[in-house]
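Asker: Handing you a structure now.
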Amino acid sequence: CDESLNRFRTIASRTKETPKERIVKISERFSVMYKLAVTAIAGAVRGLVVSGAPGTGKSHTIKALLRQAKDRGEINYIAVSGTITGINLYKLLYKFKGKNDVILLDDTDSVYDDEDSMNLLKAALDSNEERVISWLSESNVLKAEGIDTQFVYEGSMIFITNKDLQTAAITDRGRNAVHYRAMMDRAVYLDLKLHSREDVLAWVGHMVRKHHILVQKGLTRGQEEEVVVWVEKHYAQIPALSIRLMNKIAGYVVTFPTEWEMMARVTAFADNPLEY
């Protein structure tokens, strides 16, 4: 609609990119992400790191590809989210060490800050023909579970992160920057260019309109457009822009169709508008 386009033009004027240019740029990178994920699942690359803002479709796309490959009998995989310790990462690598095994670490950013975990990942993603992984401390714990303290790893790994590792590798100091560089050196690193709020706003609106995500939640197309336009209008007051936010608001529309704006404002707005 014209009102929505005018808002996007105002946003784009700050960054010299039009809404269409933003969407084309991000769409191209999501297309590359799809192809790289297929490549990693097939074991053609040992590691893939995908970086971008939360709630923009990264995990949904990659998990769907993993499920499809498993259903075809091509792979065995596990998806892990949240915090994971070094020794538990070792156990995970051991249990999914085969050529057709894939490990997805989704939003497990703590591994990049942990020395033991990073040493394991460096070994798992190493370019040597044979990747040997060892854990010699706490060996009794491993032996009690029937896990060897050293093994050859032949699987592949996919990492999904909200962290901009490329920028962090330059700006951070100390060991963390070294870890970030090590990850990008050993794995294929893809930045989806979804780090600015303007990019996220453009992409989320595009995805909802293109796939009618809110219609699938029970809204009419007219109601769906109302929600997208409302978010675009108030985005400076919303700290967490995402497809998940759109889905939450859709739930308000379904249950309270005349009061959803008030509910969205109370639950989604920050106490103070964000400055740009």
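Chains: A, B, ... in order of the structure tokens. Residues: from 1 per chain. Ligands: from 1, in order shown.
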Could you list, as a list in words, every residue within 8 Å of stretch 44-50 of chain A, counting only C-alpha atoms and ignoring same-chain residues fewer than 2 positions away?

Answerer: Met33, Leu36, Ala37, Thr39, Ala40, Ile41, Ala42, Gly52, Lys58, Leu125, Gly155, Ser156, Met157, Ile158, Phe159, Ile160, Thr161, Met184, Arg186, Ala187, Val188, Tyr189, Leu190, Asp191 and Leu192 of chain A

Asker: I need the residues in stretch 10-95 of chain A that are strand (DSSP E or B) according to DSSP; give them as a PyMOL selection string.

Answerer: chain A and resi 47-51+76-81

Asker: Using only C-alpha atoms, determine which residues lie at most 10 Å from A:Arg209, disregarding the query and same-chain residues fewer than 5 positions distant; provide the list as a list in words.

Answerer: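 So, after excluding close chain neighbours, the residues are Trp203, Val204, Leu214, Val215, Arg221, Glu224, Glu225 and Val228 of chain A.
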
Asker: Store the residues picked out above in a file with C-alpha atoms, as a JSON list (two decimals), in the first residue's frame.

Answerer:
```json
[["chain", "number", "residue", "atom", "x", "y", "z"],
["A", 203, "TRP", "CA", 12.37, -8.88, 5.37],
["A", 204, "VAL", "CA", 9.71, -9.85, 7.93],
["A", 214, "LEU", "CA", -0.75, -14.86, 9.16],
["A", 215, "VAL", "CA", -3.50, -16.18, 6.89],
["A", 221, "ARG", "CA", -5.60, -11.28, 3.86],
["A", 224, "GLU", "CA", -2.86, -9.78, 7.68],
["A", 225, "GLU", "CA", -2.06, -6.56, 5.82],
["A", 228, "VAL", "CA", 2.02, -5.76, 8.81]]
```

Asker: Looking at A:Val231, A:Ile243, A:Ala264, A:Leu121, which one is nearest to A:Met183, with distances taken over only C-alpha atoms?

Answerer: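 Among the listed residues, A:Leu121 lies closest to A:Met183.
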
Asker: If you run DSSP on the backbone, which residues of stretch 72-268 of chain A are helix (DSSP H, G or I), as a ChimeraX atom specification?

Answerer: /A:86-95,109-113,115-124,139-144,165-171,175-186,197-211,215-217,221-237,243-255,260-268

Asker: With only C-alpha atoms as the counted atoms, please give the residues lying no more than 12 Å from A:Val178, apart from itself and same-chain residues fewer than 6 positions off, as a ChimeraX atom specification.

Answerer: /A:112-115,118-119,122,165-166,168-172,184-185

Asker: Emit the selected residues as a PDB file, in the first residue's frame, including N, CA, C and O atoms.

Answerer:
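What ended up in result_0.pdb:
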```pdb
ATOM      1  N   TYR A 112      31.112 -20.343  21.573  1.00  0.00           N
ATOM      2  CA  TYR A 112      32.172 -19.497  21.020  1.00  0.00           C
ATOM      3  C   TYR A 112      33.012 -18.844  22.125  1.00  0.00           C
ATOM      4  O   TYR A 112      34.110 -18.361  21.864  1.00  0.00           O
ATOM      5  N   ASP A 113      32.498 -18.829  23.339  1.00  0.00           N
ATOM      6  CA  ASP A 113      33.189 -18.186  24.455  1.00  0.00           C
ATOM      7  C   ASP A 113      33.858 -19.185  25.388  1.00  0.00           C
ATOM      8  O   ASP A 113      34.437 -18.795  26.398  1.00  0.00           O
ATOM      9  N   ASP A 114      33.750 -20.466  25.054  1.00  0.00           N
ATOM     10  CA  ASP A 114      34.287 -21.510  25.918  1.00  0.00           C
ATOM     11  C   ASP A 114      35.498 -22.166  25.248  1.00  0.00           C
ATOM     12  O   ASP A 114      35.409 -22.651  24.117  1.00  0.00           O
ATOM     13  N   GLU A 115      36.629 -22.157  25.948  1.00  0.00           N
ATOM     14  CA  GLU A 115      37.880 -22.659  25.384  1.00  0.00           C
ATOM     15  C   GLU A 115      37.787 -24.134  24.997  1.00  0.00           C
ATOM     16  O   GLU A 115      38.215 -24.537  23.909  1.00  0.00           O
ATOM     17  N   MET A 118      35.508 -24.629  21.911  1.00  0.00           N
ATOM     18  CA  MET A 118      36.119 -24.167  20.673  1.00  0.00           C
ATOM     19  C   MET A 118      37.217 -25.100  20.201  1.00  0.00           C
ATOM     20  O   MET A 118      37.375 -25.334  18.997  1.00  0.00           O
ATOM     21  N   ASN A 119      37.981 -25.663  21.106  1.00  0.00           N
ATOM     22  CA  ASN A 119      39.007 -26.628  20.709  1.00  0.00           C
ATOM     23  C   ASN A 119      38.382 -27.868  20.070  1.00  0.00           C
ATOM     24  O   ASN A 119      38.913 -28.419  19.102  1.00  0.00           O
ATOM     25  N   LYS A 122      37.172 -26.810  16.561  1.00  0.00           N
ATOM     26  CA  LYS A 122      38.313 -26.685  15.644  1.00  0.00           C
ATOM     27  C   LYS A 122      38.732 -28.053  15.127  1.00  0.00           C
ATOM     28  O   LYS A 122      39.018 -28.218  13.936  1.00  0.00           O
ATOM     29  N   LEU A 165      29.487 -12.659  13.631  1.00  0.00           N
ATOM     30  CA  LEU A 165      30.841 -13.107  13.942  1.00  0.00           C
ATOM     31  C   LEU A 165      31.892 -12.318  13.183  1.00  0.00           C
ATOM     32  O   LEU A 165      33.009 -12.105  13.676  1.00  0.00           O
ATOM     33  N   GLN A 166      31.549 -11.890  11.978  1.00  0.00           N
ATOM     34  CA  GLN A 166      32.517 -11.163  11.163  1.00  0.00           C
ATOM     35  C   GLN A 166      32.916  -9.854  11.831  1.00  0.00           C
ATOM     36  O   GLN A 166      34.102  -9.518  11.930  1.00  0.00           O
ATOM     37  N   ALA A 168      32.376  -9.160  15.044  1.00  0.00           N
ATOM     38  CA  ALA A 168      32.942  -9.489  16.358  1.00  0.00           C
ATOM     39  C   ALA A 168      34.408  -9.886  16.250  1.00  0.00           C
ATOM     40  O   ALA A 168      35.208  -9.572  17.136  1.00  0.00           O
ATOM     41  N   ALA A 169      34.772 -10.557  15.169  1.00  0.00           N
ATOM     42  CA  ALA A 169      36.168 -10.971  14.987  1.00  0.00           C
ATOM     43  C   ALA A 169      37.097  -9.775  14.849  1.00  0.00           C
ATOM     44  O   ALA A 169      38.291  -9.861  15.155  1.00  0.00           O
ATOM     45  N   ILE A 170      36.536  -8.646  14.403  1.00  0.00           N
ATOM     46  CA  ILE A 170      37.334  -7.434  14.221  1.00  0.00           C
ATOM     47  C   ILE A 170      37.311  -6.557  15.469  1.00  0.00           C
ATOM     48  O   ILE A 170      38.337  -6.019  15.895  1.00  0.00           O
ATOM     49  N   THR A 171      36.140  -6.422  16.084  1.00  0.00           N
ATOM     50  CA  THR A 171      35.964  -5.458  17.173  1.00  0.00           C
ATOM     51  C   THR A 171      36.248  -6.036  18.558  1.00  0.00           C
ATOM     52  O   THR A 171      36.659  -5.300  19.452  1.00  0.00           O
ATOM     53  N   ASP A 172      35.991  -7.348  18.755  1.00  0.00           N
ATOM     54  CA  ASP A 172      36.230  -7.945  20.071  1.00  0.00           C
ATOM     55  C   ASP A 172      37.728  -8.094  20.328  1.00  0.00           C
ATOM     56  O   ASP A 172      38.518  -8.205  19.402  1.00  0.00           O
ATOM     57  N   MET A 184      35.230 -18.980  11.307  1.00  0.00           N
ATOM     58  CA  MET A 184      35.041 -18.538   9.927  1.00  0.00           C
ATOM     59  C   MET A 184      36.080 -19.139   8.996  1.00  0.00           C
ATOM     60  O   MET A 184      35.832 -19.328   7.804  1.00  0.00           O
ATOM     61  N   ASP A 185      37.264 -19.460   9.538  1.00  0.00           N
ATOM     62  CA  ASP A 185      38.318 -20.058   8.732  1.00  0.00           C
ATOM     63  C   ASP A 185      38.021 -21.520   8.408  1.00  0.00           C
ATOM     64  O   ASP A 185      38.299 -22.001   7.303  1.00  0.00           O
TER      65      ASP A 185
END
```

Asker: Can you work out the spacing between atom CA of A:Val141 and atom CA of A:Lys95 in Å, to one decimal?

Answerer: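 Distance between the two atoms: 15.2 Å.
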